[in-house]
There are 2 protein chains.
Amino acid sequence: MLKQIQGGVCAAKGFTANGIHCGIRKNKTKRDLALIYSQTPCSAAATYTQNLVKGAPLTVTKNHIENGVAQAIICNSGNANTCNANGIEIAEQMSELLAKELKIDATDVVVASTGVIGQPLDITPIAKGIPSLVKGLGDYSAYACEGIMTTDTLPKEIAFEFTVGDKACRIGGIAKGSGMIHPNMATMLVFVTTDCKISAQMLQKALSKDIQDSFNMISVDGDTSTNDMVALLANGTAGNEEITCEGEGYDAFCKALSAVTTYLCRQIAGDGEGATKLLECKVCGAKDEKTAKTVAKSVICSSLVKAAMFGSDANWGRILCAIGYSGAEVDVQKVGVCFRSGKGSVVVCEKGAGVEFSEEKAKEILLQKEIEILITLGDGDGKAVAWGCDLTYDYVKINGDYRT
Amino acid sequence: MLKQIQGGVCAAKGFTANGIHCGIRKNKTKRDLALIYSQTPCSAAATYTQNLVKGAPLTVTKNHIENGVAQAIICNSGNANTCNANGIEIAEQMSELLAKELKIDATDVVVASTGVIGQPLDITPIAKGIPSLVKGLGDYSAYACEGIMTTDTLPKEIAFEFTVGDKACRIGGIAKGSGMIHPNMATMLVFVTTDCKISAQMLQKALSKDIQDSFNMISVDGDTSTNDMVALLANGTAGNEEITCEGEGYDAFCKALSAVTTYLCRQIAGDGEGATKLLECKVCGAKDEKTAKTVAKSVICSSLVKAAMFGSDANWGRILCAIGYSGAEVDVQKVGVCFRSGKGSVVVCEKGAGVEFSEEKAKEILLQKEIEILITLGDGDGKAVAWGCDLTYDYVKINGDYRT
């Protein structure tokens, strides 16, 4: 039913994209301005950071898509346009300049920024770049993806085909992650497009639900960014009967959306700043889902667990410790812990106490690039998955002097 | 009124101490068993970790000092005696063996452990070591201090003389910190002795209040240990009129206690695992003290702020970000930030937005060993101080393979 396809945010019919270097960054080989455009107006939904300090573009975007309609997304990297006295003004200018060039309404533009906080964003390079950004629109999801990257080492894009009724629909997304990743109600920057016909209300409903199990379950460094945003545009070009309520069509859409967001979550966590490993913490047997989520997130957020995973050290006591301080209601006498990867699995703790295991085998398992930390709580049916990464020298290096 | 003196936990009359290598650790040059002893029974108070996973020694100690009386503290390093099936039994044995040697009651022993979680603790080296540990008792606070250290690079001890009525009293403490430091109602291991005469009830009251502003305001890595404990013994040898209620005497005692704990907090934070710098975040102008504490702790816990301080990078946007996600009620439009050290101070943010400043001057300030991050919120009179340290390559190195 769900088939992975090529094309990222251009996989859905009627969407084009582009990304250029306009000059916000000094490095001329790095694209710093991205655009996603739909030929026709879209249903639009978005979620934003819960940080009290909010990037100016978020405020502007929120106003623009209050009516549930958008047609383009513009995003720059290299500067977050946050904590600047004239931030709103600049974000509005970005929308207006783009709208003029695209001959659409400025209120149909989603605007986003990522980069350093607290440095004035000069509109000049953006204004200069917009004409060629628009002129070059095409099947260039990869360029847009590169344009929103900061310290990411890999582009993050994905697309799937799915069916609503008898109509084939497509959904695809791009994301940037890396640092200041500990989303709360949203994540760094994720843009998803679909040609599925769905009302703005159902689109927002699907997105708001989805992020609870996807972007809100990742952490790279525990720092919730000021500029987190997930935006989702649906232009209806697939021609399916419009999804306006819950039912089979809505379920199919949610499943496809989840496939996109889960993929991007794993990509964001695995490419966390300085990361060498993706950590996937799967909790089951919790008394409820909330408890499972609290435990899973506490484990992947622990600096000590993350450093142990970097060293491929099966130091499971730190996992018990992180469960214990998570704030979740857990009977520690029932906790079990198992490490798993492509090289097999090893049980290290049962009923809250250590069991004998082969350190050699554990090391072999933990030397892999993708590590699963499996936790059983023995209290019920609640389960959850959270994604994180290891804590490495390079995380410190990257963040010891990010601005220079 | 308050005079710093020598002697650590042996500064108070009637207290002796010792520390030896008994063989829990392989490294024979590292003391791994510590003892603090009072000639006479003491009023005793303690606070413990709020982690649901609790070290067995904490459970045993809690039972022992339920009656407010203790006479000795024994503590090993190299093994936390936590998440072990026979942990309680081993902790009881430690108490009994020591009590027998000292000819005191086993329930008058405070027992503590620190080190790796989840590895069985063998009683043999401890049993063998206790006779020489007791035989060597003397003015050896420094040996006891060394005996409780794990990855600490510096011993942490301090003592003060103060006056209650017309009697000179003494109070001193030792501490170990370094990693898994994010105390909640207590800290790693801190032992304080005084010859001040004070009831067990008032002693507990003073301690419980003190830790809210001292140990609960430090964080090295955000991980709340399973074995945090602060224990305070008062043997009354100073001969002052017993403190049994609030008043001048109690205030003088609290002030002296705070001098000891604040000093140890700064030592623990500044000697955090891998740390090169002590960070002191001072918040004022909060709407209340709770808000100030929440903000101060959020800032010193931020991995991104910590890494920026390591790099002496005045990346104040990360401080705003950490204030914003702290959960505290703050008007971000009023926030001011200033960095200060022995080299002067520099204002970097006013009313929530950046102000021009000399990067060169900021760098010079941030290159020092002790950095103050001063935050004004402009909302009221609430203030707080929190202590932390920078995030460095060595933190990752130390924790990438702690067990080997």
# chains A, B, ... in the order shown; residues from 1 in each chain; ligands from 1

$ residues_around --residues "Phe15 of chain A" --least-positions-apart "6" --cutoff "8 Å" --atoms "only C-alpha atoms" --output "tab-separated table (two decimals) with C-alpha atoms, in the first residue's frame"
chain	number	residue	atom	x	y	z
A	9	VAL	CA	9.04	17.46	-1.66
A	36	ILE	CA	9.03	25.04	-2.21
A	37	TYR	CA	6.14	26.07	-4.47
A	38	SER	CA	2.78	24.63	-5.43
A	39	GLN	CA	1.11	25.59	-8.73
A	193	THR	CA	4.16	18.25	0.65

$ select_by_dssp --residues "segment 17-154 of chain B" --states "alpha helix (DSSP H)" --output "JSON, numbers by chain"
{"B": [56, 57, 58, 59, 60, 61, 62, 63, 64, 87, 88, 89, 90, 91, 92, 93, 94, 95, 96, 97, 98, 99, 100, 101, 102, 124, 125, 126, 127, 128, 129, 130, 131, 132, 133, 134, 135, 141, 142, 143, 144, 145, 146, 147]}

$ write_last_selection --atoms "N, CA and C atoms" --output "compact mmCIF listing (two decimals), in the first residue's frame"
# COMPACT_ATOMS: atom_id res chain seq x y z
N ALA B 56 21.59 0.87 47.55
CA ALA B 56 21.26 0.12 48.77
C ALA B 56 21.75 0.84 50.03
N PRO B 57 22.95 1.48 50.01
CA PRO B 57 23.42 2.14 51.23
C PRO B 57 22.47 3.23 51.72
N LEU B 58 21.75 3.87 50.79
CA LEU B 58 20.83 4.94 51.20
C LEU B 58 19.68 4.38 52.03
N THR B 59 19.18 3.24 51.59
CA THR B 59 18.08 2.60 52.32
C THR B 59 18.54 2.24 53.73
N VAL B 60 19.74 1.67 53.82
CA VAL B 60 20.28 1.25 55.13
C VAL B 60 20.53 2.47 56.02
N THR B 61 21.13 3.52 55.46
CA THR B 61 21.41 4.73 56.24
C THR B 61 20.12 5.36 56.77
N LYS B 62 19.13 5.41 55.89
CA LYS B 62 17.85 6.01 56.26
C LYS B 62 17.27 5.32 57.50
N ASN B 63 17.34 4.00 57.52
CA ASN B 63 16.87 3.25 58.68
C ASN B 63 17.72 3.56 59.91
N HIS B 64 19.01 3.60 59.71
CA HIS B 64 19.93 3.79 60.84
C HIS B 64 19.75 5.13 61.54
N GLY B 87 22.48 -6.00 47.62
CA GLY B 87 23.02 -4.70 48.02
C GLY B 87 22.77 -4.35 49.49
N ILE B 88 21.55 -4.54 49.94
CA ILE B 88 21.18 -4.18 51.32
C ILE B 88 22.03 -5.00 52.31
N GLU B 89 22.14 -6.26 52.03
CA GLU B 89 22.92 -7.18 52.86
C GLU B 89 24.38 -6.70 53.00
N ILE B 90 24.97 -6.32 51.87
CA ILE B 90 26.36 -5.86 51.88
C ILE B 90 26.49 -4.55 52.67
N ALA B 91 25.54 -3.63 52.47
CA ALA B 91 25.59 -2.35 53.19
C ALA B 91 25.44 -2.58 54.70
N GLU B 92 24.58 -3.53 55.06
CA GLU B 92 24.41 -3.87 56.49
C GLU B 92 25.70 -4.47 57.05
N GLN B 93 26.31 -5.33 56.26
CA GLN B 93 27.57 -5.95 56.70
C GLN B 93 28.66 -4.90 56.92
N MET B 94 28.73 -3.92 56.01
CA MET B 94 29.71 -2.84 56.17
C MET B 94 29.50 -2.15 57.52
N SER B 95 28.25 -1.85 57.84
CA SER B 95 27.91 -1.19 59.11
C SER B 95 28.30 -2.04 60.29
N GLU B 96 27.95 -3.31 60.22
CA GLU B 96 28.19 -4.21 61.36
C GLU B 96 29.67 -4.43 61.62
N LEU B 97 30.42 -4.64 60.54
CA LEU B 97 31.86 -4.86 60.70
C LEU B 97 32.52 -3.62 61.30
N LEU B 98 32.10 -2.44 60.85
CA LEU B 98 32.68 -1.20 61.37
C LEU B 98 32.28 -1.00 62.83
N ALA B 99 30.99 -1.23 63.12
CA ALA B 99 30.48 -1.02 64.48
C ALA B 99 31.21 -1.91 65.47
N LYS B 100 31.46 -3.13 65.07
CA LYS B 100 32.16 -4.08 65.93
C LYS B 100 33.57 -3.56 66.25
N GLU B 101 34.25 -3.08 65.24
CA GLU B 101 35.61 -2.59 65.41
C GLU B 101 35.65 -1.33 66.29
N LEU B 102 34.61 -0.48 66.11
CA LEU B 102 34.57 0.79 66.87
C LEU B 102 33.89 0.62 68.23
N THR B 124 34.72 -8.68 50.96
CA THR B 124 36.04 -9.14 51.43
C THR B 124 37.07 -8.02 51.63
N PRO B 125 37.36 -7.21 50.61
CA PRO B 125 38.38 -6.17 50.85
C PRO B 125 37.97 -5.18 51.94
N ILE B 126 36.68 -4.91 52.03
CA ILE B 126 36.19 -3.96 53.05
C ILE B 126 36.39 -4.56 54.44
N ALA B 127 36.00 -5.83 54.60
CA ALA B 127 36.15 -6.52 55.89
C ALA B 127 37.62 -6.56 56.31
N LYS B 128 38.45 -6.83 55.34
CA LYS B 128 39.89 -6.88 55.60
C LYS B 128 40.45 -5.52 55.98
N GLY B 129 39.90 -4.48 55.36
CA GLY B 129 40.44 -3.13 55.54
C GLY B 129 40.00 -2.42 56.80
N ILE B 130 38.82 -2.79 57.31
CA ILE B 130 38.24 -2.03 58.42
C ILE B 130 39.17 -1.91 59.65
N PRO B 131 39.83 -2.99 60.09
CA PRO B 131 40.71 -2.83 61.27
C PRO B 131 41.78 -1.74 61.08
N SER B 132 42.44 -1.72 59.95
CA SER B 132 43.48 -0.70 59.79
C SER B 132 42.86 0.68 59.54
N LEU B 133 41.66 0.70 58.96
CA LEU B 133 40.94 1.96 58.76
C LEU B 133 40.67 2.61 60.12
N VAL B 134 40.23 1.80 61.07
CA VAL B 134 39.90 2.31 62.42
C VAL B 134 41.18 2.64 63.19
N LYS B 135 42.15 1.73 63.10
CA LYS B 135 43.41 1.93 63.82
C LYS B 135 44.09 3.24 63.42
N SER B 141 41.29 14.22 57.58
CA SER B 141 40.17 14.58 56.70
C SER B 141 40.56 14.40 55.23
N ALA B 142 41.78 14.76 54.91
CA ALA B 142 42.24 14.68 53.51
C ALA B 142 42.24 13.24 52.99
N TYR B 143 42.57 12.28 53.86
CA TYR B 143 42.55 10.87 53.44
C TYR B 143 41.11 10.41 53.20
N ALA B 144 40.21 10.82 54.10
CA ALA B 144 38.80 10.44 53.93
C ALA B 144 38.28 11.05 52.63
N CYS B 145 38.66 12.29 52.41
CA CYS B 145 38.22 13.00 51.21
C CYS B 145 38.69 12.27 49.95
N GLU B 146 39.91 11.81 49.98
CA GLU B 146 40.46 11.09 48.83
C GLU B 146 39.75 9.73 48.66
N GLY B 147 39.39 9.14 49.77
CA GLY B 147 38.74 7.82 49.73
C GLY B 147 37.38 7.81 49.07

$ atom_distance --atom1 "atom CA of Gln204 of chain B" --atom2 "atom CA of Ser43 of chain B"
9.1 Å

$ atom_distance --atom1 "atom CA of Glu329 of chain B" --atom2 "atom CA of Asp213 of chain B"
20.0 Å

$ residues_around --residues "Ser358 of chain B" --least-positions-apart "6" --cutoff "12 Å" --atoms "only C-alpha atoms" --output "list in words"
Ala314, Ser345, Val346, Val347, Val348, Glu364 and Ile365 of chain B

$ atom_distance --atom1 "atom CA of Ala252 of chain A" --atom2 "atom CA of Cys10 of chain A"
20.1 Å

$ interface_residues --of "chain A" --to "chain B" --cutoff "6 Å" --atoms "only C-alpha atoms" --output "VMD selection string"
chain A and resid 51 to 53 83 to 84 117 to 118 307 to 308 310 to 311 313 317 324 to 325 353 to 354 392 to 393 396 399 to 401

$ select_by_dssp --residues "segment 248-360 of chain A" --states "strand (DSSP E)" --output "JSON, numbers by chain"
{"A": [278, 279, 280, 281, 282, 283, 284, 285, 286, 336, 337, 338, 339, 340, 341, 344, 345, 346, 347, 348, 349, 350, 353, 354]}

$ write_last_selection --atoms "N, CA and C atoms" --output "compact mmCIF listing (two decimals), in the first residue's frame"
# COMPACT_ATOMS: atom_id res chain seq x y z
N LEU A 278 23.01 6.16 15.66
CA LEU A 278 21.59 6.40 15.93
C LEU A 278 21.19 5.53 17.12
N LEU A 279 20.57 6.13 18.13
CA LEU A 279 20.04 5.36 19.26
C LEU A 279 18.52 5.33 19.15
N GLU A 280 17.97 4.14 19.29
CA GLU A 280 16.53 3.99 19.23
C GLU A 280 16.12 3.30 20.53
N CYS A 281 15.42 4.03 21.40
CA CYS A 281 15.03 3.44 22.68
C CYS A 281 13.57 3.02 22.60
N LYS A 282 13.35 1.71 22.74
CA LYS A 282 11.98 1.17 22.65
C LYS A 282 11.55 0.68 24.02
N VAL A 283 10.52 1.29 24.53
CA VAL A 283 10.02 0.93 25.86
C VAL A 283 8.70 0.19 25.71
N CYS A 284 8.55 -0.93 26.39
CA CYS A 284 7.24 -1.58 26.41
C CYS A 284 6.92 -2.04 27.82
N GLY A 285 5.66 -2.40 28.03
CA GLY A 285 5.24 -2.86 29.34
C GLY A 285 5.03 -1.73 30.34
N ALA A 286 4.91 -0.50 29.85
CA ALA A 286 4.66 0.63 30.77
C ALA A 286 3.19 0.64 31.16
N GLY A 336 13.73 -4.47 32.85
CA GLY A 336 14.66 -5.27 32.07
C GLY A 336 15.28 -4.42 30.97
N VAL A 337 16.54 -4.67 30.65
CA VAL A 337 17.23 -3.91 29.60
C VAL A 337 17.97 -4.85 28.67
N CYS A 338 17.86 -4.58 27.36
CA CYS A 338 18.53 -5.39 26.35
C CYS A 338 19.10 -4.46 25.28
N PHE A 339 20.31 -4.72 24.83
CA PHE A 339 20.88 -3.98 23.71
C PHE A 339 20.75 -4.82 22.45
N ARG A 340 20.41 -4.18 21.31
CA ARG A 340 20.25 -4.92 20.06
C ARG A 340 20.78 -4.11 18.89
N SER A 341 21.38 -4.80 17.94
CA SER A 341 21.78 -4.15 16.68
C SER A 341 21.85 -5.22 15.61
N GLY A 344 23.07 -8.73 16.60
CA GLY A 344 22.40 -9.56 17.60
C GLY A 344 21.95 -8.76 18.81
N SER A 345 21.60 -9.48 19.88
CA SER A 345 21.11 -8.78 21.06
C SER A 345 21.71 -9.38 22.32
N VAL A 346 21.73 -8.60 23.40
CA VAL A 346 22.25 -9.09 24.67
C VAL A 346 21.43 -8.49 25.82
N VAL A 347 20.93 -9.36 26.68
CA VAL A 347 20.19 -8.93 27.86
C VAL A 347 21.21 -8.58 28.95
N VAL A 348 21.09 -7.40 29.53
CA VAL A 348 22.08 -6.97 30.53
C VAL A 348 21.48 -6.77 31.92
N CYS A 349 20.15 -6.65 31.98
CA CYS A 349 19.50 -6.38 33.27
C CYS A 349 18.13 -7.04 33.29
N GLU A 350 17.82 -7.70 34.37
CA GLU A 350 16.49 -8.28 34.56
C GLU A 350 16.04 -7.99 35.98
N ALA A 353 18.15 -5.74 38.30
CA ALA A 353 19.52 -6.09 38.71
C ALA A 353 20.29 -6.67 37.53
N GLY A 354 21.60 -6.58 37.61
CA GLY A 354 22.44 -7.05 36.52
C GLY A 354 22.36 -8.55 36.33

$ closest_residue --among "A:Thr40, A:Val190, A:Gln71, A:Ser214" --to "Ser113 of chain A" --atoms "only C-alpha atoms"
A:Val190

$ residues_around --residues "segment 66-70 of chain B" --least-positions-apart "5" --cutoff "9 Å" --atoms "only C-alpha atoms" --output "ChimeraX atom specification"
/B:38,41-45,61,105,107-110,199-201,204,233

$ residues_around --residues "Asp210 of chain A" --least-positions-apart "4" --cutoff "8 Å" --atoms "only C-alpha atoms" --output "list in words"
Ala206, Ser214, Cys254, Leu257, Ser258 and Thr261 of chain A

$ write_last_selection --atoms "N, CA, C and O atoms" --output "PDB file, in the first residue's frame"
ATOM      1  N   ALA A 206      -4.157  15.715  11.601  1.00  0.00           N
ATOM      2  CA  ALA A 206      -3.222  14.619  11.327  1.00  0.00           C
ATOM      3  C   ALA A 206      -1.808  14.995  11.767  1.00  0.00           C
ATOM      4  O   ALA A 206      -1.102  14.196  12.397  1.00  0.00           O
ATOM      5  N   SER A 214       6.417  11.349  16.672  1.00  0.00           N
ATOM      6  CA  SER A 214       7.573  11.466  15.785  1.00  0.00           C
ATOM      7  C   SER A 214       8.532  12.530  16.321  1.00  0.00           C
ATOM      8  O   SER A 214       9.377  12.230  17.164  1.00  0.00           O
ATOM      9  N   CYS A 254      -2.755   9.391   7.266  1.00  0.00           N
ATOM     10  CA  CYS A 254      -1.980   9.440   8.515  1.00  0.00           C
ATOM     11  C   CYS A 254      -0.835   8.432   8.482  1.00  0.00           C
ATOM     12  O   CYS A 254       0.266   8.708   8.960  1.00  0.00           O
ATOM     13  N   LEU A 257       1.809   9.821   6.213  1.00  0.00           N
ATOM     14  CA  LEU A 257       2.469  10.935   6.896  1.00  0.00           C
ATOM     15  C   LEU A 257       3.448  10.399   7.932  1.00  0.00           C
ATOM     16  O   LEU A 257       4.601  10.861   8.041  1.00  0.00           O
ATOM     17  N   SER A 258       3.000   9.388   8.676  1.00  0.00           N
ATOM     18  CA  SER A 258       3.851   8.802   9.713  1.00  0.00           C
ATOM     19  C   SER A 258       5.099   8.151   9.111  1.00  0.00           C
ATOM     20  O   SER A 258       6.181   8.206   9.699  1.00  0.00           O
ATOM     21  N   THR A 261       7.440  11.080   8.441  1.00  0.00           N
ATOM     22  CA  THR A 261       7.988  11.729   9.643  1.00  0.00           C
ATOM     23  C   THR A 261       8.901  10.776  10.422  1.00  0.00           C
ATOM     24  O   THR A 261       9.936  11.203  10.933  1.00  0.00           O
TER      25      THR A 261
END

$ residues_around --residues "segment 167-173 of chain B" --least-positions-apart "2" --cutoff "6 Å" --atoms "only C-alpha atoms" --output "short mmCIF file (atom, residue, chain, number, x, y, z; two decimals) with N, CA and C atoms, in the first residue's frame"
data_model
loop_
_atom_site.label_atom_id
_atom_site.label_comp_id
_atom_site.auth_asym_id
_atom_site.auth_seq_id
_atom_site.Cartn_x
_atom_site.Cartn_y
_atom_site.Cartn_z
N GLY B 8 39.00 20.38 57.54
CA GLY B 8 37.90 19.66 56.90
C GLY B 8 36.95 19.06 57.92
N VAL B 9 36.63 17.78 57.78
CA VAL B 9 35.68 17.14 58.71
C VAL B 9 36.29 16.89 60.08
N ALA B 12 36.02 20.18 63.50
CA ALA B 12 35.13 20.18 64.68
C ALA B 12 35.72 19.26 65.74
N GLU B 157 37.40 20.00 50.34
CA GLU B 157 37.13 20.11 51.77
C GLU B 157 37.24 21.54 52.22
N ILE B 158 36.56 21.85 53.33
CA ILE B 158 36.48 23.22 53.82
C ILE B 158 36.06 23.18 55.29
N ALA B 159 36.41 24.19 56.06
CA ALA B 159 35.92 24.30 57.44
C ALA B 159 35.86 25.77 57.84
N PHE B 160 34.94 26.05 58.74
CA PHE B 160 34.77 27.41 59.27
C PHE B 160 34.59 27.37 60.79
N GLU B 161 34.97 28.46 61.43
CA GLU B 161 34.66 28.64 62.85
C GLU B 161 33.58 29.70 62.94
N PHE B 162 32.63 29.49 63.83
CA PHE B 162 31.56 30.48 64.03
C PHE B 162 31.20 30.48 65.51
N THR B 163 30.30 31.37 65.89
CA THR B 163 30.00 31.53 67.31
C THR B 163 28.51 31.34 67.58
N VAL B 164 28.21 30.56 68.61
CA VAL B 164 26.83 30.45 69.06
C VAL B 164 26.84 30.88 70.52
N GLY B 165 26.12 31.96 70.84
CA GLY B 165 26.22 32.56 72.19
C GLY B 165 27.66 33.04 72.32
N PHE B 191 29.77 15.03 53.26
CA PHE B 191 29.72 14.73 54.69
C PHE B 191 30.17 15.96 55.45
N VAL B 192 29.33 16.41 56.37
CA VAL B 192 29.63 17.61 57.13
C VAL B 192 29.61 17.26 58.62
N THR B 193 30.60 17.76 59.35
CA THR B 193 30.64 17.54 60.80
C THR B 193 30.69 18.89 61.51
N THR B 194 30.11 18.94 62.70
CA THR B 194 30.21 20.16 63.52
C THR B 194 30.22 19.76 64.98
N ASP B 195 30.87 20.60 65.78
CA ASP B 195 30.84 20.34 67.22
C ASP B 195 29.79 21.21 67.90
N CYS B 196 29.03 21.92 67.08
CA CYS B 196 27.93 22.73 67.61
C CYS B 196 26.88 21.81 68.23
N ALA B 238 31.35 21.49 71.36
CA ALA B 238 31.69 22.91 71.54
C ALA B 238 31.14 23.46 72.85
N ASN B 240 28.20 24.82 73.48
CA ASN B 240 27.20 25.89 73.43
C ASN B 240 25.86 25.40 73.96
#

$ decode --residues "segment 306-313 of chain B" --atoms "all heavy atoms" --output "mmCIF file, in the first residue's frame"
data_model
loop_
_atom_site.group_PDB
_atom_site.id
_atom_site.type_symbol
_atom_site.label_atom_id
_atom_site.label_comp_id
_atom_site.auth_asym_id
_atom_site.auth_seq_id
_atom_site.Cartn_x
_atom_site.Cartn_y
_atom_site.Cartn_z
ATOM 1 N N LYS B 306 26.943 25.205 27.566
ATOM 2 C CA LYS B 306 28.151 24.642 28.163
ATOM 3 C C LYS B 306 29.282 24.507 27.122
ATOM 4 O O LYS B 306 30.442 24.809 27.405
ATOM 5 C CB LYS B 306 27.840 23.284 28.795
ATOM 6 C CG LYS B 306 26.985 23.396 30.066
ATOM 7 C CD LYS B 306 26.154 22.152 30.349
ATOM 8 C CE LYS B 306 26.991 20.950 30.606
ATOM 9 N NZ LYS B 306 27.509 20.860 31.972
ATOM 10 N N ALA B 307 28.911 24.057 25.927
ATOM 11 C CA ALA B 307 29.919 23.905 24.870
ATOM 12 C C ALA B 307 30.425 25.279 24.415
ATOM 13 O O ALA B 307 31.609 25.457 24.148
ATOM 14 C CB ALA B 307 29.342 23.123 23.693
ATOM 15 N N ALA B 308 29.532 26.266 24.351
ATOM 16 C CA ALA B 308 29.951 27.621 23.967
ATOM 17 C C ALA B 308 30.935 28.190 24.994
ATOM 18 O O ALA B 308 31.923 28.832 24.628
ATOM 19 C CB ALA B 308 28.730 28.543 23.845
ATOM 20 N N MET B 309 30.673 27.923 26.280
ATOM 21 C CA MET B 309 31.576 28.417 27.323
ATOM 22 C C MET B 309 32.937 27.735 27.219
ATOM 23 O O MET B 309 33.967 28.356 27.447
ATOM 24 C CB MET B 309 30.957 28.203 28.710
ATOM 25 C CG MET B 309 29.726 29.059 28.981
ATOM 26 S SD MET B 309 30.020 30.865 28.908
ATOM 27 C CE MET B 309 29.403 31.280 27.284
ATOM 28 N N PHE B 310 32.915 26.452 26.863
ATOM 29 C CA PHE B 310 34.185 25.745 26.631
ATOM 30 C C PHE B 310 34.988 26.467 25.552
ATOM 31 O O PHE B 310 36.191 26.664 25.671
ATOM 32 C CB PHE B 310 33.909 24.297 26.224
ATOM 33 C CG PHE B 310 35.127 23.529 25.790
ATOM 34 C CD1 PHE B 310 36.235 23.413 26.613
ATOM 35 C CD2 PHE B 310 35.162 22.912 24.537
ATOM 36 C CE1 PHE B 310 37.360 22.700 26.212
ATOM 37 C CE2 PHE B 310 36.279 22.186 24.129
ATOM 38 C CZ PHE B 310 37.379 22.095 24.976
ATOM 39 N N GLY B 311 34.312 26.887 24.508
ATOM 40 C CA GLY B 311 34.971 27.565 23.392
ATOM 41 C C GLY B 311 35.133 29.066 23.610
ATOM 42 O O GLY B 311 35.523 29.775 22.697
ATOM 43 N N SER B 312 34.798 29.554 24.827
ATOM 44 C CA SER B 312 34.878 30.994 25.131
ATOM 45 C C SER B 312 34.161 31.816 24.063
ATOM 46 O O SER B 312 34.620 32.861 23.634
ATOM 47 C CB SER B 312 36.347 31.452 25.252
ATOM 48 O OG SER B 312 37.018 30.682 26.211
ATOM 49 N N ASP B 313 32.998 31.302 23.642
ATOM 50 C CA ASP B 313 32.220 31.923 22.578
ATOM 51 C C ASP B 313 30.997 32.608 23.191
ATOM 52 O O ASP B 313 30.162 31.954 23.810
ATOM 53 C CB ASP B 313 31.790 30.818 21.588
ATOM 54 C CG ASP B 313 30.948 31.352 20.444
ATOM 55 O OD1 ASP B 313 30.910 32.581 20.240
ATOM 56 O OD2 ASP B 313 30.326 30.518 19.748
#
